[in-house]
Amino acid sequence: MKNPFKNASNRTFLGAWIGFHGGLLIFFLLSLILGKKPVSIDTDLFNMIPKPMLSASIKAADEKMTRLTSEKLFILVSHEDFNEAKKAAASLYDSLKDSDNFSTLELYTDMTSVSGITDFLFDHRWNLLDENTASEIISSPAKVQSFSEQALASAFSPFTMTSLDRLDEDPFMLTELALKNYLAAIQSSGTAMSDKDGVLAAQFEGRWYVMVRASLSKKGARLASKNDGITEIYKNCDETGKHFSNVNFTFTGTPYHSHESSLSASKEITIISVISLLAVLFILLFVFRSAKPVIFSLVSISISVITAFLITLGVFRNMHILTLVFGTSLIGSSIDYSLHFFTHWAGNKELASGAEIRSHLLPGLTMAIISTGICYAVLLFAPFTLLKQISLFSLSGLVSSFLTTIGLFPFIKLPSDESRFVRGTNLVKIKNPAVHKKVSRLGITALVVLPLILAFIFRGTFGIKNNISNLYNMEGQLLQDEILSSKILKYSPTGWFIISGNSEEELLQTEEELALRVKEALPDTGFLCTSMFIPSIKKQKYSLSAASHLLEYADFQEDALGFGEDEALALKKAFSASQNSFISPEAGNVPEYLMEAVSSVWLGKIDGKYYSVLVPNQVSDAAVFKNLSNNENIYFVSKVADMSSDLDRLTKMILKFFALAFVIMTVILLFFYSKKQTAKIISVPLLIILVTSAVFAATKTWLEFFSVTGIILVFGLGLDYVIYMVENEKNTSKNRDLEPFATFLSFVTTVISFGALALSSFTPVHLIGFAIFLGLTTAYATSRWFSK
């Protein structure tokens with residue numbers, strides 16, 4: 001490749017460095033000042049997964065439900081004695097109830113204690129009959145009489161739940177019936193726990209479990225902070241346990257796992273960064289025998305990471321913690337340009353200035369940044385924010401490192417000729433060209449043949465397959481807690497129906513029809529939906545029609561309860577006045593506490609249509625639920641299956657990006673290199689895919705979204721090694737071994753930082769790291785065997 005900047009001055013390159021970094025700093029400051037959202041780091045486990053490809057309105061509904069379920073958590077307080085368990089739960093509740101880490105915190109279940117609930121049910125008693133009761137009343141006069149007699153028995157019972165102060169206005173005990181239906185709906189829609197002494201409790205294997213329910217606030221959901229909601233729960237549970245002997249706490253809910261994975265990832269990132277940095281420092285000090293290259297390389301890395309961090313935050317406002325993992329990777333990848341410069345700075349006596357070193361390296365470095373930049377840039381178009389963030393972070397960091405190398409480093413004074421020496425160049429020196437040629441042929445053949453053999457032997461796991469369940473492995477106490485809680489609660493809302501309608505009434509009617517089908521198909525499955533508490537107007541009219549039959553017994557009922565004709569007449573007038581008094585979510589006549597109760601399932605108007613959600617408390621077979629979605633206005637979301645499917649879709653899209661980058665790079669390379677040289681360079685990514693796929697298959701690991709992403713990222717880095725090799729073939733000086741050594745040094749440092757990610761227990765990071773390690777190793781081995 002020709003050098004288009006051969007005659008450019010140091011000041012020109014320095015100006016480019018200042019312009020790039022100064023412009024990014026100004027951009028970030030403007031973003032900070034003008035941005036509507038505060039900048040933040042995202043630690044949510046679910047946000048590293050692509051969002052489903054749905055219509056905007058359906059997507060909004062699904063995201064709301066995902067957010068609500070990811071914020072919801074349970075604490076089960078247990079003891080052999082129920083009273084002790086309840087006391088401990090109450091103590092824990094009192095210690096947490098005033099915390100701003102929780103948007104909701106609940107222990108007590110006595111619905112009758114809610115101010116105004118019975119008043120609301122009384123005011124709308126005529127139109128809140130459940131459908132079965134209404135149908136029975138309408139079916140025959142005998143059923144009307146039976147209902148009347150049951151109401152009288154209930155009125156004289158000492159165990160009524162509602163006040164009898166207005167019995168003359170409600171002689172059929174409709175308020176009592178509505179309250180019982182509400183409580184039954186709440187019970188069936190949640191866990192398998194039942195109301196005992198005002199709290200939700202269950203007995204299991206000789207112990208009583210009392211439930212505390214909570215939802216994290218935005219502040220409490222910042223799971224990488226020191227004062228997040230989960231940390232506060234653990235702390236207060238420890239304190240409560242000190243005051244109550246033999247009390248145990250069981251934790252279940254997505255936030256606990258997000259907290260665990262966030263802490264684990266943060267610790268591992270720190271450990272990987274420190275170990276990688278120390279290893280790189282040791283290698284550089286050994287090779288260069290001087291602190292100068294180490295210090296300036298660290299400066300370059302720091303500038304790169306800060307630049308990448310600021311531009312990513314400036315563009316996205318919110319950056320996922322997984323993106324920061326690639327800050328660790330920059331320790332290896334962004335130092336490549338520095339290593340090439342300082343290898344010649346310390347060892348190439350034929351180059352008498354920093355400007356000459358830059359001029360010598362610029363063709364190879366330019367092609368390297370182009371090849372890497374194209375691979376990262378194509379991922380900016382992926383419909384997945386995390387992938388865009390990783391791409392922008394890596395791209396901006398590498399561009400910064402490239403500009404630092406060609407813009408700042410040439411100003412560094414060269415050491416004296418006597419001290420210009422680099423250790424380790426003999427490691428890459430080709431001592432016997434004939435032997436090297438034979439070994440190279442065998443090596444290239446092995447890189448093709450052995451992976452094909454492995455692919456055939458392990459063809460059962462050769463290919464691409466995503467399973468979201470494999471991305472997080474529950475371990476230790478959290479695993480035991482989930483096993484225990486699943487036996488007690490029988491509650492696992494891993495999917496839900498999203499229902500739409502052109503009007504509020506159409507939506508509620510569709511929801512009621514769906515609820516009926518769910519009951520018929522899965523009678524043992526409970527669920528939560530809006531129409532359980534706020535029925536459609538059609539259903540309310542049906543209730544009123546049934547209630548009208550009860551009025552035939554008004555005189556008899558009032559007389560049996562000790563009232564007279566005046567009360568019976570007033571009852572009929574009250575019924576007539578309620579004929580058009582219908583409740584609905586949007587009408588504003590539903591109490592605030594009831595709207596809060598259904599806020600998780602009533603989504604309201606979005607883009608001109610109305611939306612709600614029906615949430616089953618268990619999804620044992622997603623196919624059964626999908627079969628119930630026989631209406632274009634009903635969409636069933638199965639989070640595990642849908643996320644895996646979305647990852648499959650996105651993985652295929654990434655491979656298309658890979659193909660696009662491959663074609664673009666081939667065209668560009670043909671402009672600067674011969675067909676033979678281009679064939680050598682462009683064969684590297686194909687070998688990377690072959691080798692990585694075969695090794696993954698041999699380890700019985702499917703290639704999936706994160707490992708394929710790693711392969712794409714390696715594409716650009718791997719091409720660099722071959723480009724440096726091709727450029728060095730033109731070198732006829734005595735120092736032609738320095739460039740291969742710089743490439744070797746780049747490979748070692750990059751593998752240390754990238755390869756260390758493969759040791760992570762956090763599955764996505766491990767998969768990316770393992771794929772990159774295999775890809776880089778393949779790329780470097782290929783470059784060595786292709787060299788003359």
# chains A, B, ... in the order shown; residues from 1 in each chain; ligands from 1
call {"tool": "residues_around", "arguments": {"residues": "Leu489 of chain A", "least_positions_apart": "4", "cutoff": "10 Å", "atoms": "only C-alpha atoms", "output": "number ranges by chain"}}
result
A: 76, 190-193, 201-202, 209, 211, 252, 484-485, 617
call {"tool": "write_last_selection", "arguments": {"atoms": "C-alpha atoms", "output": "mmCIF file, in the first residue's frame"}}
result
data_model
loop_
_atom_site.group_PDB
_atom_site.id
_atom_site.type_symbol
_atom_site.label_atom_id
_atom_site.label_comp_id
_atom_site.auth_asym_id
_atom_site.auth_seq_id
_atom_site.Cartn_x
_atom_site.Cartn_y
_atom_site.Cartn_z
ATOM 1 C CA LEU A 76 -40.327 -15.716 52.341
ATOM 2 C CA GLY A 190 -50.988 -14.773 42.512
ATOM 3 C CA THR A 191 -49.038 -17.408 44.355
ATOM 4 C CA ALA A 192 -50.261 -20.610 45.982
ATOM 5 C CA MET A 193 -50.120 -18.900 49.378
ATOM 6 C CA ALA A 201 -48.694 -17.693 54.299
ATOM 7 C CA ALA A 202 -48.162 -21.358 53.514
ATOM 8 C CA TYR A 209 -43.629 -19.287 55.282
ATOM 9 C CA MET A 211 -44.489 -13.569 52.262
ATOM 10 C CA THR A 252 -36.970 -15.332 44.805
ATOM 11 C CA LEU A 484 -37.742 -24.203 47.416
ATOM 12 C CA SER A 485 -39.826 -21.159 46.491
ATOM 13 C CA ASN A 617 -49.179 -17.348 37.308
#
call {"tool": "closest_residue", "arguments": {"among": "A:Ala546, A:Ala279, A:Ala771, A:Leu614", "to": "Gly710 of chain A", "atoms": "only C-alpha atoms"}}
result
A:Ala771
call {"tool": "residues_around", "arguments": {"residues": "Ile117 of chain A", "least_positions_apart": "5", "cutoff": "12 Å", "atoms": "only C-alpha atoms", "output": "list in words"}}
result
Asp110, Met111, Thr112, Phe122, Asp123, His124, Arg125, Met161, Thr162, Ser163, Thr175, Glu176, Ala178, Leu179, Tyr182, Leu183, Phe533, Val590, Pro591, Glu592, Tyr593, Leu594 and Met595 of chain A
call {"tool": "closest_atom_pairs", "arguments": {"of": "segment 720-786 of chain A", "to": "segment 353-370 of chain A", "cutoff": "10 Å", "atoms": "only C-alpha atoms", "output": "CSV"}}
result
residue,atom,partner,partner_atom,distance
A:Asp720,CA,A:Ala368,CA,4.9
A:Tyr721,CA,A:Ala368,CA,8.4
A:Val722,CA,A:Ala368,CA,9.4
A:Ile723,CA,A:Gly364,CA,6.4
A:Tyr724,CA,A:Gly364,CA,5.6
A:Met725,CA,A:Gly364,CA,8.9
A:Val726,CA,A:Gly364,CA,8.6
A:Glu727,CA,A:Gly364,CA,6.1
A:Asn728,CA,A:Gly364,CA,8.6
A:Asn731,CA,A:His360,CA,9.7
A:Glu739,CA,A:Leu361,CA,9.1
call {"tool": "closest_residue", "arguments": {"among": "A:Ala151, A:Ile711, A:Leu514, A:Val77", "to": "Leu550 of chain A", "atoms": "only C-alpha atoms"}}
result
A:Ala151
call {"tool": "closest_residue", "arguments": {"among": "A:Ser629, A:Ser371, A:Ser70, A:Ser545", "to": "Ser217 of chain A", "atoms": "only C-alpha atoms"}}
result
A:Ser70
call {"tool": "select_by_dssp", "arguments": {"residues": "segment 57-229 of chain A", "states": "alpha helix (DSSP H)", "output": "PyMOL selection string"}}
result
chain A and resi 57-71+82-96+117-123+131-139+141-155+174-189+229
call {"tool": "residues_around", "arguments": {"residues": "Leu298 of chain A", "least_positions_apart": "6", "cutoff": "12 Å", "atoms": "only C-alpha atoms", "output": "number ranges by chain"}}
result
A: 277-278, 280-281, 284, 291-292, 304-305, 330-332, 334-336, 338-339, 401, 404-405
call {"tool": "write_last_selection", "arguments": {"atoms": "N, CA and C atoms", "output": "compact mmCIF listing (two decimals), in the first residue's frame"}}
result
# COMPACT_ATOMS: atom_id res chain seq x y z
N LEU A 277 -3.59 -6.04 32.88
CA LEU A 277 -2.70 -4.88 32.89
C LEU A 277 -1.32 -5.24 33.44
N LEU A 278 -1.30 -5.98 34.55
CA LEU A 278 -0.02 -6.37 35.14
C LEU A 278 0.78 -7.26 34.19
N VAL A 280 0.57 -7.38 30.88
CA VAL A 280 1.04 -6.57 29.76
C VAL A 280 2.23 -5.70 30.19
N LEU A 281 2.13 -5.11 31.37
CA LEU A 281 3.24 -4.28 31.87
C LEU A 281 4.52 -5.09 32.01
N LEU A 284 5.99 -5.79 28.54
CA LEU A 284 6.57 -4.61 27.91
C LEU A 284 7.89 -4.20 28.57
N ALA A 291 10.98 2.10 30.87
CA ALA A 291 9.64 2.44 31.33
C ALA A 291 8.90 3.35 30.35
N LYS A 292 9.67 4.01 29.47
CA LYS A 292 9.05 4.98 28.56
C LYS A 292 7.96 4.37 27.68
N SER A 304 -7.69 6.18 25.11
CA SER A 304 -8.64 5.40 24.30
C SER A 304 -9.88 5.03 25.09
N VAL A 305 -9.66 4.50 26.30
CA VAL A 305 -10.79 4.06 27.12
C VAL A 305 -11.67 5.25 27.52
N LEU A 330 -9.69 -3.35 25.33
CA LEU A 330 -8.87 -2.31 24.70
C LEU A 330 -7.44 -2.31 25.24
N ILE A 331 -7.26 -2.85 26.44
CA ILE A 331 -5.89 -2.95 26.98
C ILE A 331 -5.03 -3.75 26.00
N GLY A 332 -5.61 -4.78 25.38
CA GLY A 332 -4.85 -5.56 24.42
C GLY A 332 -4.93 -5.03 23.02
N SER A 334 -6.10 -1.95 21.68
CA SER A 334 -5.69 -0.59 21.34
C SER A 334 -4.21 -0.36 21.55
N ILE A 335 -3.56 -1.28 22.25
CA ILE A 335 -2.11 -1.13 22.45
C ILE A 335 -1.32 -1.61 21.24
N ASP A 336 -2.00 -2.29 20.29
CA ASP A 336 -1.30 -2.82 19.11
C ASP A 336 -0.53 -1.75 18.37
N SER A 338 0.55 1.12 19.44
CA SER A 338 1.67 1.58 20.26
C SER A 338 2.84 0.61 20.17
N LEU A 339 2.54 -0.69 20.21
CA LEU A 339 3.60 -1.69 20.20
C LEU A 339 4.39 -1.67 18.90
N SER A 401 -6.61 5.44 19.70
CA SER A 401 -5.27 4.85 19.84
C SER A 401 -4.44 5.05 18.57
N THR A 404 -3.35 8.65 18.43
CA THR A 404 -2.31 8.90 19.43
C THR A 404 -0.96 8.40 18.93
N THR A 405 -0.99 7.24 18.30
CA THR A 405 0.26 6.65 17.80
C THR A 405 0.89 7.50 16.71
call {"tool": "residues_around", "arguments": {"residues": "Tyr780 of chain A", "least_positions_apart": "2", "cutoff": "9 Å", "atoms": "only C-alpha atoms", "output": "VMD selection string"}}
result
chain A and resid 718 721 to 722 743 to 744 747 775 to 778 782 to 785
call {"tool": "write_last_selection", "arguments": {"atoms": "C-alpha atoms", "output": "PDB file, in the first residue's frame"}}
result
ATOM      1  CA  GLY A 718      -7.297 -10.835  12.809  1.00  0.00           C
ATOM      2  CA  TYR A 721      -1.805  -9.569  11.500  1.00  0.00           C
ATOM      3  CA  VAL A 722      -1.849 -10.650   7.853  1.00  0.00           C
ATOM      4  CA  THR A 743       2.839  -8.373  15.471  1.00  0.00           C
ATOM      5  CA  PHE A 744       3.701 -11.235  17.827  1.00  0.00           C
ATOM      6  CA  PHE A 747      -1.029 -10.888  19.501  1.00  0.00           C
ATOM      7  CA  GLY A 775     -10.131 -16.417  16.350  1.00  0.00           C
ATOM      8  CA  LEU A 776      -7.040 -14.396  17.249  1.00  0.00           C
ATOM      9  CA  THR A 777      -4.927 -17.534  17.661  1.00  0.00           C
ATOM     10  CA  THR A 778      -6.063 -18.778  14.259  1.00  0.00           C
ATOM     11  CA  THR A 782      -2.176 -18.064   9.667  1.00  0.00           C
ATOM     12  CA  SER A 783      -0.164 -14.849   9.345  1.00  0.00           C
ATOM     13  CA  ARG A 784       2.997 -16.678  10.463  1.00  0.00           C
ATOM     14  CA  TRP A 785       2.489 -19.514   8.024  1.00  0.00           C
TER      15      TRP A 785
END
call {"tool": "residues_around", "arguments": {"residues": "Leu387 of chain A", "least_positions_apart": "4", "cutoff": "9 Å", "atoms": "only C-alpha atoms", "output": "JSON, numbers by chain"}}
result
{"A": [48, 323, 379, 380, 382, 383, 391, 392, 709]}
call {"tool": "write_last_selection", "arguments": {"atoms": "all heavy atoms", "output": "short mmCIF file (atom, residue, chain, number, x, y, z; two decimals), in the first residue's frame"}}
result
data_model
loop_
_atom_site.label_atom_id
_atom_site.label_comp_id
_atom_site.auth_asym_id
_atom_site.auth_seq_id
_atom_site.Cartn_x
_atom_site.Cartn_y
_atom_site.Cartn_z
N MET A 48 -29.31 -6.84 28.37
CA MET A 48 -28.26 -7.27 27.46
C MET A 48 -28.85 -8.18 26.39
O MET A 48 -28.16 -8.61 25.47
CB MET A 48 -27.17 -8.02 28.22
CG MET A 48 -27.55 -9.40 28.68
SD MET A 48 -26.20 -10.22 29.52
CE MET A 48 -26.89 -11.88 29.64
N THR A 323 -20.82 -3.50 28.07
CA THR A 323 -20.02 -2.69 27.15
C THR A 323 -18.66 -2.37 27.77
O THR A 323 -17.64 -2.30 27.08
CB THR A 323 -20.76 -1.38 26.81
OG1 THR A 323 -22.05 -1.69 26.29
CG2 THR A 323 -19.99 -0.56 25.80
N LEU A 379 -21.62 -3.08 12.57
CA LEU A 379 -22.46 -3.47 13.71
C LEU A 379 -23.24 -2.29 14.28
O LEU A 379 -24.16 -2.48 15.06
CB LEU A 379 -21.59 -4.09 14.81
CG LEU A 379 -20.91 -5.42 14.46
CD1 LEU A 379 -20.10 -5.92 15.65
CD2 LEU A 379 -21.92 -6.46 14.03
N LEU A 380 -22.88 -1.07 13.87
CA LEU A 380 -23.64 0.10 14.31
C LEU A 380 -25.05 0.08 13.75
O LEU A 380 -25.96 0.75 14.27
CB LEU A 380 -22.94 1.39 13.88
CG LEU A 380 -21.64 1.76 14.61
CD1 LEU A 380 -20.97 2.94 13.92
CD2 LEU A 380 -21.92 2.08 16.07
N ALA A 382 -26.88 -2.67 13.53
CA ALA A 382 -27.64 -3.78 14.13
C ALA A 382 -28.80 -3.23 14.96
O ALA A 382 -28.63 -2.23 15.67
CB ALA A 382 -26.74 -4.65 15.00
N PRO A 383 -29.97 -3.86 14.91
CA PRO A 383 -31.14 -3.36 15.67
C PRO A 383 -31.09 -3.80 17.13
O PRO A 383 -32.04 -4.35 17.67
CB PRO A 383 -32.31 -4.02 14.93
CG PRO A 383 -31.75 -5.31 14.43
CD PRO A 383 -30.31 -5.04 14.09
N SER A 391 -19.93 -1.74 19.60
CA SER A 391 -19.30 -1.33 18.34
C SER A 391 -18.74 0.08 18.43
O SER A 391 -17.58 0.33 18.07
CB SER A 391 -20.33 -1.42 17.21
OG SER A 391 -19.78 -0.95 16.00
N LEU A 392 -19.56 1.02 18.92
CA LEU A 392 -19.11 2.41 19.02
C LEU A 392 -17.97 2.55 20.02
O LEU A 392 -16.99 3.27 19.77
CB LEU A 392 -20.29 3.31 19.44
CG LEU A 392 -19.98 4.80 19.59
CD1 LEU A 392 -19.49 5.37 18.26
CD2 LEU A 392 -21.20 5.56 20.10
N THR A 709 -20.82 -12.75 17.71
CA THR A 709 -20.39 -11.37 17.85
C THR A 709 -18.88 -11.30 18.05
O THR A 709 -18.19 -10.44 17.49
CB THR A 709 -21.11 -10.69 19.04
OG1 THR A 709 -22.52 -10.72 18.82
CG2 THR A 709 -20.66 -9.24 19.19
#
call {"tool": "residues_around", "arguments": {"residues": "Ala214 of chain A", "least_positions_apart": "5", "cutoff": "7 Å", "atoms": "only C-alpha atoms", "output": "list of chain:residue names"}}
result
A:Lys72, A:Leu73, A:Phe74, A:Phe102, A:Thr104, A:Leu105, A:Glu106
call {"tool": "select_by_dssp", "arguments": {"residues": "segment 451-519 of chain A", "states": "strand (DSSP E or B)", "output": "PyMOL selection string"}}
result
chain A and resi 464+492+495-501
call {"tool": "closest_residue", "arguments": {"among": "A:Ser188, A:Ser261, A:Thr651, A:Ser581", "to": "Pro523 of chain A", "atoms": "only C-alpha atoms"}}
result
A:Ser188
call {"tool": "decode", "arguments": {"residues": "segment 530-543 of chain A", "atoms": "N, CA, C and O atoms", "output": "PDB file, in the first residue's frame"}}
result
ATOM      1  N   THR A 530     -57.345  -7.209  34.009  1.00  0.00           N
ATOM      2  CA  THR A 530     -58.151  -6.062  34.426  1.00  0.00           C
ATOM      3  C   THR A 530     -59.614  -6.426  34.613  1.00  0.00           C
ATOM      4  O   THR A 530     -60.266  -5.996  35.583  1.00  0.00           O
ATOM      5  N   SER A 531     -60.168  -7.214  33.696  1.00  0.00           N
ATOM      6  CA  SER A 531     -61.608  -7.499  33.714  1.00  0.00           C
ATOM      7  C   SER A 531     -62.035  -8.335  34.910  1.00  0.00           C
ATOM      8  O   SER A 531     -63.237  -8.476  35.169  1.00  0.00           O
ATOM      9  N   MET A 532     -61.092  -8.899  35.669  1.00  0.00           N
ATOM     10  CA  MET A 532     -61.439  -9.605  36.902  1.00  0.00           C
ATOM     11  C   MET A 532     -61.965  -8.620  37.946  1.00  0.00           C
ATOM     12  O   MET A 532     -62.730  -8.990  38.836  1.00  0.00           O
ATOM     13  N   PHE A 533     -61.548  -7.355  37.836  1.00  0.00           N
ATOM     14  CA  PHE A 533     -61.939  -6.338  38.808  1.00  0.00           C
ATOM     15  C   PHE A 533     -62.793  -5.230  38.185  1.00  0.00           C
ATOM     16  O   PHE A 533     -63.598  -4.610  38.861  1.00  0.00           O
ATOM     17  N   ILE A 534     -62.589  -4.988  36.901  1.00  0.00           N
ATOM     18  CA  ILE A 534     -63.364  -3.968  36.196  1.00  0.00           C
ATOM     19  C   ILE A 534     -63.940  -4.622  34.941  1.00  0.00           C
ATOM     20  O   ILE A 534     -63.298  -4.627  33.880  1.00  0.00           O
ATOM     21  N   PRO A 535     -65.131  -5.200  35.028  1.00  0.00           N
ATOM     22  CA  PRO A 535     -65.697  -5.912  33.882  1.00  0.00           C
ATOM     23  C   PRO A 535     -66.099  -4.964  32.756  1.00  0.00           C
ATOM     24  O   PRO A 535     -66.238  -3.752  32.957  1.00  0.00           O
ATOM     25  N   SER A 536     -66.300  -5.538  31.584  1.00  0.00           N
ATOM     26  CA  SER A 536     -66.769  -4.748  30.447  1.00  0.00           C
ATOM     27  C   SER A 536     -68.182  -4.249  30.711  1.00  0.00           C
ATOM     28  O   SER A 536     -68.912  -4.785  31.558  1.00  0.00           O
ATOM     29  N   ILE A 537     -68.599  -3.225  30.003  1.00  0.00           N
ATOM     30  CA  ILE A 537     -69.967  -2.691  30.161  1.00  0.00           C
ATOM     31  C   ILE A 537     -70.983  -3.750  29.754  1.00  0.00           C
ATOM     32  O   ILE A 537     -72.050  -3.874  30.371  1.00  0.00           O
ATOM     33  N   LYS A 538     -70.637  -4.557  28.769  1.00  0.00           N
ATOM     34  CA  LYS A 538     -71.536  -5.645  28.356  1.00  0.00           C
ATOM     35  C   LYS A 538     -71.797  -6.592  29.523  1.00  0.00           C
ATOM     36  O   LYS A 538     -72.948  -6.988  29.784  1.00  0.00           O
ATOM     37  N   LYS A 539     -70.740  -6.930  30.229  1.00  0.00           N
ATOM     38  CA  LYS A 539     -70.877  -7.832  31.369  1.00  0.00           C
ATOM     39  C   LYS A 539     -71.615  -7.156  32.520  1.00  0.00           C
ATOM     40  O   LYS A 539     -72.403  -7.793  33.234  1.00  0.00           O
ATOM     41  N   GLN A 540     -71.379  -5.853  32.709  1.00  0.00           N
ATOM     42  CA  GLN A 540     -72.095  -5.117  33.754  1.00  0.00           C
ATOM     43  C   GLN A 540     -73.586  -5.040  33.452  1.00  0.00           C
ATOM     44  O   GLN A 540     -74.420  -5.129  34.362  1.00  0.00           O
ATOM     45  N   LYS A 541     -73.924  -4.881  32.200  1.00  0.00           N
ATOM     46  CA  LYS A 541     -75.338  -4.860  31.808  1.00  0.00           C
ATOM     47  C   LYS A 541     -75.979  -6.225  32.069  1.00  0.00           C
ATOM     48  O   LYS A 541     -77.152  -6.304  32.484  1.00  0.00           O
ATOM     49  N   TYR A 542     -75.219  -7.261  31.825  1.00  0.00           N
ATOM     50  CA  TYR A 542     -75.727  -8.612  32.092  1.00  0.00           C
ATOM     51  C   TYR A 542     -75.968  -8.794  33.587  1.00  0.00           C
ATOM     52  O   TYR A 542     -76.966  -9.395  34.010  1.00  0.00           O
ATOM     53  N   SER A 543     -75.061  -8.238  34.401  1.00  0.00           N
ATOM     54  CA  SER A 543     -75.221  -8.279  35.852  1.00  0.00           C
ATOM     55  C   SER A 543     -76.473  -7.520  36.276  1.00  0.00           C
ATOM     56  O   SER A 543     -77.248  -7.988  37.127  1.00  0.00           O
TER      57      SER A 543
END
